[in-house]
Each structure stands twice: as structure tokens, then as C-alpha cells.
file run_4.cif (mmCIF, C-alpha atoms and all ligand atoms)
data_target
loop_
_atom_site.group_PDB
_atom_site.id
_atom_site.type_symbol
_atom_site.label_atom_id
_atom_site.label_comp_id
_atom_site.auth_asym_id
_atom_site.auth_seq_id
_atom_site.Cartn_x
_atom_site.Cartn_y
_atom_site.Cartn_z
ATOM 1 C CA MET A 270 31.231 -6.618 -2.628
ATOM 2 C CA ARG A 271 31.814 -3.632 -0.372
ATOM 3 C CA LYS A 272 35.492 -2.873 0.287
ATOM 4 C CA TYR A 273 36.870 -1.597 3.607
ATOM 5 C CA ILE A 274 39.380 1.174 3.107
ATOM 6 C CA VAL A 275 41.545 3.277 5.368
ATOM 7 C CA ALA A 276 43.092 6.167 3.450
ATOM 8 C CA GLY A 277 45.659 8.640 4.758
ATOM 9 C CA ASN A 278 45.362 12.200 3.512
ATOM 10 C CA TRP A 279 48.738 13.749 4.248
ATOM 11 C CA LYS A 280 47.564 17.189 3.048
ATOM 12 C CA MET A 281 50.456 19.686 2.761
ATOM 13 C CA ASN A 282 52.689 17.943 5.284
ATOM 14 C CA THR A 283 56.159 16.358 5.246
ATOM 15 C CA THR A 284 59.164 17.075 3.049
ATOM 16 C CA VAL A 285 59.911 14.489 0.373
ATOM 17 C CA PRO A 286 62.441 12.554 2.513
ATOM 18 C CA GLU A 287 60.038 12.627 5.480
ATOM 19 C CA GLY A 288 57.206 11.410 3.285
ATOM 20 C CA VAL A 289 59.293 8.583 1.850
ATOM 21 C CA GLN A 290 60.217 7.544 5.383
ATOM 22 C CA LEU A 291 56.576 7.627 6.479
ATOM 23 C CA ALA A 292 55.575 5.513 3.468
ATOM 24 C CA LYS A 293 58.287 2.969 4.330
ATOM 25 C CA GLU A 294 56.983 2.703 7.881
ATOM 26 C CA VAL A 295 53.405 2.291 6.667
ATOM 27 C CA VAL A 296 54.427 -0.476 4.242
ATOM 28 C CA GLU A 297 56.371 -2.256 6.961
ATOM 29 C CA LYS A 298 53.610 -2.081 9.573
ATOM 30 C CA ALA A 299 50.906 -2.942 7.017
ATOM 31 C CA LYS A 300 52.382 -6.432 6.827
ATOM 32 C CA GLU A 301 50.872 -7.145 10.249
ATOM 33 C CA LEU A 302 47.354 -6.295 9.087
ATOM 34 C CA PRO A 303 44.739 -8.823 8.009
ATOM 35 C CA ALA A 304 43.840 -8.678 4.316
ATOM 36 C CA ASN A 305 40.279 -7.384 4.849
ATOM 37 C CA VAL A 306 41.250 -3.700 4.812
ATOM 38 C CA LYS A 307 42.687 -1.819 1.882
ATOM 39 C CA LEU A 308 45.227 0.872 2.752
ATOM 40 C CA VAL A 309 45.716 4.006 0.679
ATOM 41 C CA VAL A 310 48.098 6.923 1.171
ATOM 42 C CA ALA A 311 47.625 10.339 -0.435
ATOM 43 C CA PRO A 312 50.861 12.356 -0.243
ATOM 44 C CA PRO A 313 51.406 15.742 -1.893
ATOM 45 C CA PHE A 314 52.043 15.747 -5.681
ATOM 46 C CA THR A 315 55.783 16.249 -5.153
ATOM 47 C CA HIS A 316 56.021 12.961 -3.235
ATOM 48 C CA LEU A 317 54.046 10.721 -5.563
ATOM 49 C CA ALA A 318 56.919 9.369 -7.685
ATOM 50 C CA PRO A 319 59.268 8.417 -4.829
ATOM 51 C CA VAL A 320 56.403 7.131 -2.672
ATOM 52 C CA ALA A 321 55.171 5.023 -5.624
ATOM 53 C CA GLU A 322 58.591 3.334 -5.597
ATOM 54 C CA VAL A 323 58.273 2.564 -1.887
ATOM 55 C CA LEU A 324 54.764 1.129 -2.328
ATOM 56 C CA LYS A 325 55.686 -1.182 -5.195
ATOM 57 C CA GLY A 326 54.872 -4.800 -4.345
ATOM 58 C CA SER A 327 53.146 -3.752 -1.079
ATOM 59 C CA LYS A 328 49.466 -3.815 -0.225
ATOM 60 C CA VAL A 329 49.317 -0.021 0.107
ATOM 61 C CA ALA A 330 47.782 1.918 -2.793
ATOM 62 C CA LEU A 331 48.692 5.425 -3.905
ATOM 63 C CA SER A 332 46.323 8.375 -4.206
ATOM 64 C CA ALA A 333 46.630 12.015 -5.216
ATOM 65 C CA GLN A 334 44.838 14.714 -3.218
ATOM 66 C CA ASN A 335 43.390 16.503 -6.231
ATOM 67 C CA CYS A 336 43.637 16.621 -10.023
ATOM 68 C CA ALA A 337 43.122 19.131 -12.805
ATOM 69 C CA ASP A 338 39.838 19.759 -14.576
ATOM 70 C CA HIS A 339 41.494 19.592 -18.000
ATOM 71 C CA VAL A 340 43.189 16.795 -19.926
ATOM 72 C CA LYS A 341 46.395 18.718 -20.715
ATOM 73 C CA GLY A 342 47.694 22.002 -22.035
ATOM 74 C CA ALA A 343 48.303 25.543 -20.853
ATOM 75 C CA TYR A 344 47.165 25.239 -17.214
ATOM 76 C CA THR A 345 50.186 26.362 -15.218
ATOM 77 C CA GLY A 346 50.559 24.647 -11.884
ATOM 78 C CA GLU A 347 47.949 21.963 -12.518
ATOM 79 C CA VAL A 348 48.402 18.193 -12.622
ATOM 80 C CA ALA A 349 46.333 16.120 -15.056
ATOM 81 C CA PRO A 350 44.646 12.809 -14.206
ATOM 82 C CA ALA A 351 46.666 10.993 -16.913
ATOM 83 C CA MET A 352 49.890 12.191 -15.281
ATOM 84 C CA LEU A 353 48.777 10.771 -11.950
ATOM 85 C CA ALA A 354 47.724 7.465 -13.471
ATOM 86 C CA SER A 355 51.056 7.195 -15.287
ATOM 87 C CA LEU A 356 52.852 7.507 -11.940
ATOM 88 C CA GLY A 357 50.956 4.585 -10.486
ATOM 89 C CA CYS A 358 48.197 6.429 -8.653
ATOM 90 C CA GLU A 359 45.146 4.244 -8.235
ATOM 91 C CA TYR A 360 43.022 6.981 -6.652
ATOM 92 C CA THR A 361 42.587 10.691 -6.376
ATOM 93 C CA ILE A 362 40.743 12.480 -3.603
ATOM 94 C CA LEU A 363 38.328 15.092 -4.986
ATOM 95 C CA GLY A 364 36.163 17.701 -3.340
ATOM 96 C CA HIS A 365 37.912 17.805 0.007
ATOM 97 C CA SER A 366 36.325 20.563 2.100
ATOM 98 C CA GLU A 367 39.657 22.412 2.220
ATOM 99 C CA ARG A 368 39.594 22.556 -1.584
ATOM 100 C CA ARG A 369 35.948 23.613 -1.600
ATOM 101 C CA GLN A 370 36.599 26.268 1.053
ATOM 102 C CA TYR A 371 40.006 27.710 0.089
ATOM 103 C CA TYR A 372 40.305 26.995 -3.643
ATOM 104 C CA GLY A 373 36.819 27.580 -4.921
ATOM 105 C CA GLU A 374 36.124 23.960 -5.798
ATOM 106 C CA THR A 375 32.470 23.886 -6.851
ATOM 107 C CA ASP A 376 30.204 20.940 -7.525
ATOM 108 C CA GLU A 377 30.320 21.898 -11.216
ATOM 109 C CA LYS A 378 34.101 21.613 -11.220
ATOM 110 C CA LEU A 379 33.918 18.329 -9.366
ATOM 111 C CA VAL A 380 31.627 16.883 -12.008
ATOM 112 C CA VAL A 381 34.283 17.654 -14.638
ATOM 113 C CA LYS A 382 37.184 16.437 -12.517
ATOM 114 C CA THR A 383 35.448 13.219 -11.547
ATOM 115 C CA ARG A 384 34.610 12.382 -15.170
ATOM 116 C CA LEU A 385 38.172 13.097 -16.289
ATOM 117 C CA ALA A 386 39.725 11.131 -13.435
ATOM 118 C CA LEU A 387 37.551 8.091 -14.179
ATOM 119 C CA ASP A 388 38.209 8.351 -17.917
ATOM 120 C CA HIS A 389 41.944 8.307 -17.244
ATOM 121 C CA GLY A 390 41.869 5.234 -15.060
ATOM 122 C CA LEU A 391 41.781 6.788 -11.594
ATOM 123 C CA LYS A 392 39.351 5.829 -8.871
ATOM 124 C CA VAL A 393 37.860 8.791 -7.041
ATOM 125 C CA ILE A 394 37.495 9.352 -3.310
ATOM 126 C CA LEU A 395 34.765 11.993 -3.374
ATOM 127 C CA CYS A 396 34.444 14.058 -0.189
ATOM 128 C CA VAL A 397 31.162 15.509 1.039
ATOM 129 C CA GLY A 398 30.256 17.133 4.334
ATOM 130 C CA GLU A 399 28.494 20.010 6.025
ATOM 131 C CA SER A 400 29.981 22.999 7.837
ATOM 132 C CA LEU A 401 29.305 23.787 11.474
ATOM 133 C CA ASP A 402 26.801 26.507 10.534
ATOM 134 C CA GLU A 403 24.977 24.101 8.250
ATOM 135 C CA ARG A 404 24.778 21.494 10.996
ATOM 136 C CA LYS A 405 23.586 24.067 13.537
ATOM 137 C CA ALA A 406 20.889 25.091 11.076
ATOM 138 C CA GLY A 407 19.818 21.456 10.784
ATOM 139 C CA LYS A 408 20.817 21.327 7.121
ATOM 140 C CA HIS A 409 23.361 18.485 7.297
ATOM 141 C CA PHE A 410 21.236 15.869 5.542
ATOM 142 C CA GLN A 411 20.292 18.340 2.834
ATOM 143 C CA VAL A 412 23.864 19.542 2.196
ATOM 144 C CA VAL A 413 25.318 16.064 2.019
ATOM 145 C CA THR A 414 22.475 14.836 -0.191
ATOM 146 C CA GLU A 415 22.964 17.744 -2.599
ATOM 147 C CA GLN A 416 26.750 17.346 -2.765
ATOM 148 C CA THR A 417 26.432 13.613 -3.355
ATOM 149 C CA LYS A 418 23.760 13.957 -6.046
ATOM 150 C CA ALA A 419 25.613 16.804 -7.795
ATOM 151 C CA VAL A 420 28.457 14.497 -8.792
ATOM 152 C CA LEU A 421 27.141 10.954 -8.517
ATOM 153 C CA TYR A 422 23.977 11.499 -10.498
ATOM 154 C CA THR A 423 26.049 12.574 -13.518
ATOM 155 C CA LEU A 424 27.795 9.190 -13.619
ATOM 156 C CA ASN A 425 26.943 5.928 -15.324
ATOM 157 C CA PRO A 426 26.098 2.870 -13.211
ATOM 158 C CA GLU A 427 29.369 1.179 -14.216
ATOM 159 C CA ASP A 428 31.376 4.160 -12.886
ATOM 160 C CA LEU A 429 30.247 3.479 -9.354
ATOM 161 C CA ALA A 430 32.691 0.611 -8.870
ATOM 162 C CA ASN A 431 35.452 3.228 -9.117
ATOM 163 C CA ILE A 432 33.986 5.689 -6.640
ATOM 164 C CA VAL A 433 34.466 5.862 -2.894
ATOM 165 C CA ILE A 434 32.557 8.449 -0.868
ATOM 166 C CA ALA A 435 34.100 10.115 2.174
ATOM 167 C CA TYR A 436 31.746 11.845 4.591
ATOM 168 C CA GLU A 437 33.752 14.518 6.370
ATOM 169 C CA PRO A 438 31.822 16.955 8.550
ATOM 170 C CA VAL A 439 33.865 20.137 8.225
ATOM 171 C CA TRP A 440 33.514 20.890 11.947
ATOM 172 C CA ALA A 441 35.290 17.628 12.783
ATOM 173 C CA ILE A 442 38.279 18.045 10.469
ATOM 174 C CA GLY A 443 41.499 18.734 12.332
ATOM 175 C CA THR A 444 39.555 20.009 15.322
ATOM 176 C CA GLY A 445 39.875 16.977 17.565
ATOM 177 C CA GLU A 446 36.089 16.903 17.671
ATOM 178 C CA THR A 447 34.789 13.710 16.076
ATOM 179 C CA ALA A 448 31.238 13.083 14.986
ATOM 180 C CA THR A 449 29.758 10.461 17.264
ATOM 181 C CA ALA A 450 29.342 7.059 15.693
ATOM 182 C CA ALA A 451 25.576 7.644 15.644
ATOM 183 C CA GLN A 452 25.925 11.071 13.955
ATOM 184 C CA ALA A 453 28.211 9.606 11.297
ATOM 185 C CA GLU A 454 26.090 6.498 10.780
ATOM 186 C CA GLU A 455 22.896 8.443 10.083
ATOM 187 C CA ILE A 456 24.625 10.483 7.393
ATOM 188 C CA HIS A 457 26.264 7.405 5.876
ATOM 189 C CA ALA A 458 22.875 5.722 5.732
ATOM 190 C CA CYS A 459 21.460 8.839 4.075
ATOM 191 C CA ILE A 460 24.218 8.772 1.430
ATOM 192 C CA ARG A 461 23.491 5.099 0.767
ATOM 193 C CA ASN A 462 19.804 5.954 0.272
ATOM 194 C CA VAL A 463 20.714 8.695 -2.183
ATOM 195 C CA ILE A 464 22.710 6.137 -4.181
ATOM 196 C CA GLU A 465 19.917 3.587 -3.987
ATOM 197 C CA GLU A 466 17.329 6.072 -5.303
ATOM 198 C CA LYS A 467 19.152 6.432 -8.589
ATOM 199 C CA PHE A 468 21.273 3.304 -8.984
ATOM 200 C CA GLY A 469 19.401 0.638 -7.015
ATOM 201 C CA ALA A 470 19.959 -1.313 -3.824
ATOM 202 C CA ALA A 471 22.857 -3.475 -5.010
ATOM 203 C CA ALA A 472 24.915 -0.469 -6.120
ATOM 204 C CA ALA A 473 24.179 1.314 -2.850
ATOM 205 C CA ASP A 474 25.134 -1.728 -0.850
ATOM 206 C CA ASP A 475 28.440 -2.103 -2.731
ATOM 207 C CA MET A 476 29.520 1.526 -2.225
ATOM 208 C CA THR A 477 32.380 2.115 0.197
ATOM 209 C CA ILE A 478 31.579 5.117 2.390
ATOM 210 C CA LEU A 479 34.407 6.396 4.589
ATOM 211 C CA TYR A 480 34.195 8.649 7.610
ATOM 212 C CA GLY A 481 36.716 11.479 8.018
ATOM 213 C CA GLY A 482 37.258 14.091 10.707
ATOM 214 C CA SER A 483 39.512 13.559 13.728
ATOM 215 C CA CYS A 484 39.363 9.796 13.292
ATOM 216 C CA LYS A 485 42.067 8.265 15.469
ATOM 217 C CA PRO A 486 43.009 4.951 17.087
ATOM 218 C CA SER A 487 40.860 5.730 20.135
ATOM 219 C CA ASN A 488 37.599 6.242 18.215
ATOM 220 C CA ALA A 489 38.042 4.222 15.011
ATOM 221 C CA LYS A 490 36.676 0.981 16.426
ATOM 222 C CA GLU A 491 33.387 2.521 17.486
ATOM 223 C CA LEU A 492 32.961 4.334 14.161
ATOM 224 C CA PHE A 493 33.867 1.315 12.017
ATOM 225 C CA ALA A 494 31.452 -0.885 13.961
ATOM 226 C CA GLU A 495 28.531 0.993 12.372
ATOM 227 C CA LYS A 496 26.992 -0.883 9.493
ATOM 228 C CA ASP A 497 27.302 1.908 6.933
ATOM 229 C CA ILE A 498 30.811 3.090 7.870
ATOM 230 C CA ASP A 499 33.330 1.237 5.719
ATOM 231 C CA GLY A 500 36.569 2.829 6.845
ATOM 232 C CA GLY A 501 38.133 6.228 7.206
ATOM 233 C CA LEU A 502 39.813 9.129 5.481
ATOM 234 C CA ILE A 503 42.463 10.066 7.986
ATOM 235 C CA GLY A 504 44.294 13.390 8.172
ATOM 236 C CA GLY A 505 46.409 14.173 11.240
ATOM 237 C CA ALA A 506 46.616 10.591 12.487
ATOM 238 C CA ALA A 507 47.878 9.409 9.074
ATOM 239 C CA LEU A 508 51.138 11.300 9.643
ATOM 240 C CA LYS A 509 52.213 8.715 12.206
ATOM 241 C CA ALA A 510 52.514 5.222 10.744
ATOM 242 C CA GLU A 511 51.740 3.659 14.089
ATOM 243 C CA ASP A 512 48.437 5.530 14.498
ATOM 244 C CA PHE A 513 47.449 5.026 10.869
ATOM 245 C CA ILE A 514 47.964 1.270 11.120
ATOM 246 C CA ALA A 515 46.243 1.135 14.512
ATOM 247 C CA ILE A 516 43.192 2.742 12.873
ATOM 248 C CA ALA A 517 43.263 0.175 10.074
ATOM 249 C CA ALA A 518 43.557 -2.581 12.671
ATOM 250 C CA SER A 519 40.312 -1.367 14.269
ATOM 251 C CA PHE A 520 38.130 -3.400 11.908
HETATM 252 P P1 LIG A 601 41.692 14.983 10.247
HETATM 253 O O1 LIG A 601 41.457 15.237 8.673
HETATM 254 O O2 LIG A 601 41.724 13.478 10.426
HETATM 255 O O3 LIG A 601 42.985 15.626 10.555
HETATM 256 O O4 LIG A 601 40.534 15.588 10.956
HETATM 257 C C1 LIG A 601 40.640 14.405 7.910
HETATM 258 C C2 LIG A 601 40.596 14.914 6.481
HETATM 259 O O5 LIG A 601 40.506 16.130 6.296
HETATM 260 O O6 LIG A 601 40.639 14.126 5.525
#
call {"tool": "encode", "arguments": {"input": "run_4.cif", "output": "C-alpha cells"}}
result
Amino acid sequence: MRKYIVAGNWKMNTTVPEGVQLAKEVVEKAKELPANVKLVVAPPFTHLAPVAEVLKGSKVALSAQNCADHVKGAYTGEVAPAMLASLGCEYTILGHSERRQYYGETDEKLVVKTRLALDHGLKVILCVGESLDERKAGKHFQVVTEQTKAVLYTLNPEDLANIVIAYEPVWAIGTGETATAAQAEEIHACIRNVIEEKFGAAAADDMTILYGGSCKPSNAKELFAEKDIDGGLIGGAALKAEDFIAIAASF
């Protein structure tokens, strides 16, 4: 069964007290939502422990924004998947375009990170998406197909239940410019085909594929109405509980 998910990627925003307050507001407002949508928040590493406390007993799940590519040891500044799982993280985001662009995150690294995250009990929200230049060059289907295959095709069929894909066109992230519902839908359908080619129709049909990139209360309904768009990965609008919940209420 395909799950509908709205996940908030807080990126490097909020102090710890601000983040705890935001989490409290999200938990409170989430009570008004119907049970058909799963909510996830992804605060910075520093916020995970106190936010986990706030989320306890609520219907909001916790995610990290990244994890290390090693199990443990001498990797100064890194945070291992087992550490995140032990804090109560259910998910980690991996392969966000900001990590690919600014921190040299390659597909090869993502293969390692995804395997480790899954092996340590985390579900993975794997981000894919083309840049503006790639879209202008008409390469968007190719780029997204390659990024998806690079990680997914290294997995076992049973891993897929613990993977969520987020399609985030880089040109739409934080720019206020959203992909149209039709532009997003055709890429989502393409991703589902890529999954079907290797893992079969049932696995492809079960996969949750989120859209991300300037998703907000005013455009969420139209995006989520598409048959292959199963929710959103929300950046800016996730920093206001009211907007985040309004997006989740758009289903
Ligand atoms: P945005 O970010 O909603 O601020 O565009 C989305 C994301 O990068 O996950």
C-alpha cells in the first residue's frame, strides 16, 4: 500500500529552543489532520534529541537530514546511522541537492549511505532532481533516471518498503518557482517506470514519491492531485507550523 507523506526539511534553520517550539506547534496542529497522511520533520542534528521528546506519542515521525557513510570510528564531525536510530529517528533524508552541490555527495557515496542507513533501521528519503541547466538541455528525464537507478538498483526488493523517493528539481528549491503539476507528474511517472523495470509493477505502485521545491499551501492541492505524487518534501514552508499542516491537509 502506497503511503502519503508530508515531510518538513528544516535545513540549517532555527535554534534549538525555536525548533522545539516549532515541533510542539506541529504536533498540536497535526491532531486536526485525518489519518491518511504521515507527517515527518527533519530538524538539524543538534535538535533531534529534544524534538524526539516532543514527538513522543504523537503522529509525527522524526528524520535526520543526512548520515555518515561509515558505521563508527574516527570520522570527526560525522553522525552515524546507528546514532540516529538510537535517538528515535525513523528516517534520514539522503542525497538532497544541497548536499550533492555543496558537500560533494556523489551517487557512489549515496549507495554506501543508503545501505548503512537501511542496515541500521532507518528508512531513507532519497532525493533526486535535475538542475536548471540540465532541464534547459532537455536532460531532466535522463538525470533523474540515472540518479534513481544509481542507488535503487543496488538494493534488494525487500529494501524498497523502507525507501521514499523525493523528486526535487533544483531550479524549484527555495526559489519560489514550483514545477507545474504536469511537469512534476511526468517525472514521477518516469521514476515509477524505472522502479517497475527492475522490481516489478507492484513494487513501483507501492513506492511513495514526494515532490519538493517551493511546495506551499497554495500549490500543494494541485500537485498532490496527480496520480504519481504522493506528498511533499517541504523546505521553507515547513518552518511555519500553520503552512506545513495546511500542506498536509491538501490531500
Ligand atoms: P523549498 O525546499 O520547499 O524551500 O523549496 C525544498 C527542499 O529543498 O527540500
call {"tool": "residues_near_ligand", "arguments": {"input": "run_4.cif", "ligand": "ligand LIG 601 (chain A)", "cutoff": "6 Å", "atoms": "all atoms listed in the file", "output": "list of chain:residue names"}}
result
A:Asn278, A:Ala441, A:Ile442, A:Gly443, A:Gly481, A:Gly482, A:Ser483, A:Cys484, A:Leu502, A:Ile503, A:Gly504, A:Gly505
call {"tool": "closest_atom_pairs", "arguments": {"input": "run_4.cif", "of": "range 411-480 of chain A", "to": "range 381-393 of chain A", "cutoff": "9 Å", "atoms": "all atoms listed in the file", "output": "JSON lines"}}
result
{"residue": "A:Val420", "atom": "CA", "partner": "A:Thr383", "partner_atom": "CA", "distance": 7.6}
{"residue": "A:Thr423", "atom": "CA", "partner": "A:Arg384", "partner_atom": "CA", "distance": 8.7}
{"residue": "A:Leu424", "atom": "CA", "partner": "A:Arg384", "partner_atom": "CA", "distance": 7.7}
{"residue": "A:Asp428", "atom": "CA", "partner": "A:Leu387", "partner_atom": "CA", "distance": 7.4}
{"residue": "A:Ala430", "atom": "CA", "partner": "A:Lys392", "partner_atom": "CA", "distance": 8.5}
{"residue": "A:Asn431", "atom": "CA", "partner": "A:Lys392", "partner_atom": "CA", "distance": 4.7}
{"residue": "A:Ile432", "atom": "CA", "partner": "A:Val393", "partner_atom": "CA", "distance": 5.0}
{"residue": "A:Val433", "atom": "CA", "partner": "A:Val393", "partner_atom": "CA", "distance": 6.1}
{"residue": "A:Ile434", "atom": "CA", "partner": "A:Val393", "partner_atom": "CA", "distance": 8.1}
call {"tool": "write_last_selection", "arguments": {"input": "run_4.cif", "atoms": "C-alpha atoms", "output": "JSON list (two decimals), keeping the file's coordinate frame"}}
result
[["chain", "number", "residue", "atom", "x", "y", "z"],
["A", 420, "VAL", "CA", 28.46, 14.50, -8.79],
["A", 423, "THR", "CA", 26.05, 12.57, -13.52],
["A", 424, "LEU", "CA", 27.80, 9.19, -13.62],
["A", 428, "ASP", "CA", 31.38, 4.16, -12.89],
["A", 430, "ALA", "CA", 32.69, 0.61, -8.87],
["A", 431, "ASN", "CA", 35.45, 3.23, -9.12],
["A", 432, "ILE", "CA", 33.99, 5.69, -6.64],
["A", 433, "VAL", "CA", 34.47, 5.86, -2.89],
["A", 434, "ILE", "CA", 32.56, 8.45, -0.87]]
call {"tool": "residues_around", "arguments": {"input": "run_4.cif", "residues": "range 365-367 of chain A", "least_positions_apart": "6", "cutoff": "10 Å", "atoms": "only C-alpha atoms", "output": "MDAnalysis selection string"}}
result
chainID A and resid 278 280 334:335 373:374 394:400 435:439 442
call {"tool": "resolve_selection", "arguments": {"input": "run_4.cif", "expression": "the PyMOL selection byres (((chain A and resi 314) around 9) and not hetatm)", "output": "ChimeraX atom specification"}}
result
/A:311-313,315-318,333-335,348,353
call {"tool": "closest_residue", "arguments": {"input": "run_4.cif", "among": "A:Thr345, A:Leu324, A:His457, A:Glu446", "to": "Val413 in chain A", "atoms": "only C-alpha atoms"}}
result
A:His457
call {"tool": "resolve_selection", "arguments": {"input": "run_4.cif", "expression": "the PyMOL selection byres (((chain A and resi 300) around 12) and not hetatm)", "output": "VMD selection string"}}
result
chain A and resid 293 to 299 301 to 304 306 to 308 326 to 329 514 517 to 518
call {"tool": "atom_distance", "arguments": {"input": "run_4.cif", "atom1": "CA of Ala507 in chain A", "atom2": "CA of Asn282 in chain A"}}
result
10.5 Å
call {"tool": "closest_residue", "arguments": {"input": "run_4.cif", "among": "A:Cys358, A:Val285, A:Leu291, A:Ala448", "to": "Leu492 in chain A", "atoms": "only C-alpha atoms"}}
result
A:Ala448
call {"tool": "resolve_selection", "arguments": {"input": "run_4.cif", "expression": "the PyMOL selection byres (((chain A and resi 458) around 10) and not hetatm)", "output": "short mmCIF file (atom, residue, chain, number, x, y, z; two decimals) with C-alpha atoms, in the coordinates of the input"}}
result
data_model
loop_
_atom_site.label_atom_id
_atom_site.label_comp_id
_atom_site.auth_asym_id
_atom_site.auth_seq_id
_atom_site.Cartn_x
_atom_site.Cartn_y
_atom_site.Cartn_z
CA ALA A 453 28.21 9.61 11.30
CA GLU A 454 26.09 6.50 10.78
CA GLU A 455 22.90 8.44 10.08
CA ILE A 456 24.62 10.48 7.39
CA HIS A 457 26.26 7.40 5.88
CA CYS A 459 21.46 8.84 4.08
CA ILE A 460 24.22 8.77 1.43
CA ARG A 461 23.49 5.10 0.77
CA ASN A 462 19.80 5.95 0.27
CA VAL A 463 20.71 8.70 -2.18
CA ILE A 464 22.71 6.14 -4.18
CA ALA A 473 24.18 1.31 -2.85
CA ILE A 478 31.58 5.12 2.39
CA GLU A 495 28.53 0.99 12.37
CA LYS A 496 26.99 -0.88 9.49
CA ASP A 497 27.30 1.91 6.93
CA ILE A 498 30.81 3.09 7.87
#
call {"tool": "closest_residue", "arguments": {"input": "run_4.cif", "among": "A:Gly277, A:Pro486, A:Gly342, A:Gly469", "to": "Tyr360 in chain A", "atoms": "all atoms listed in the file"}}
result
A:Gly277
call {"tool": "atom_distance", "arguments": {"input": "run_4.cif", "atom1": "CA of Ala276 in chain A", "atom2": "CA of Val310 in chain A"}}
result
5.6 Å
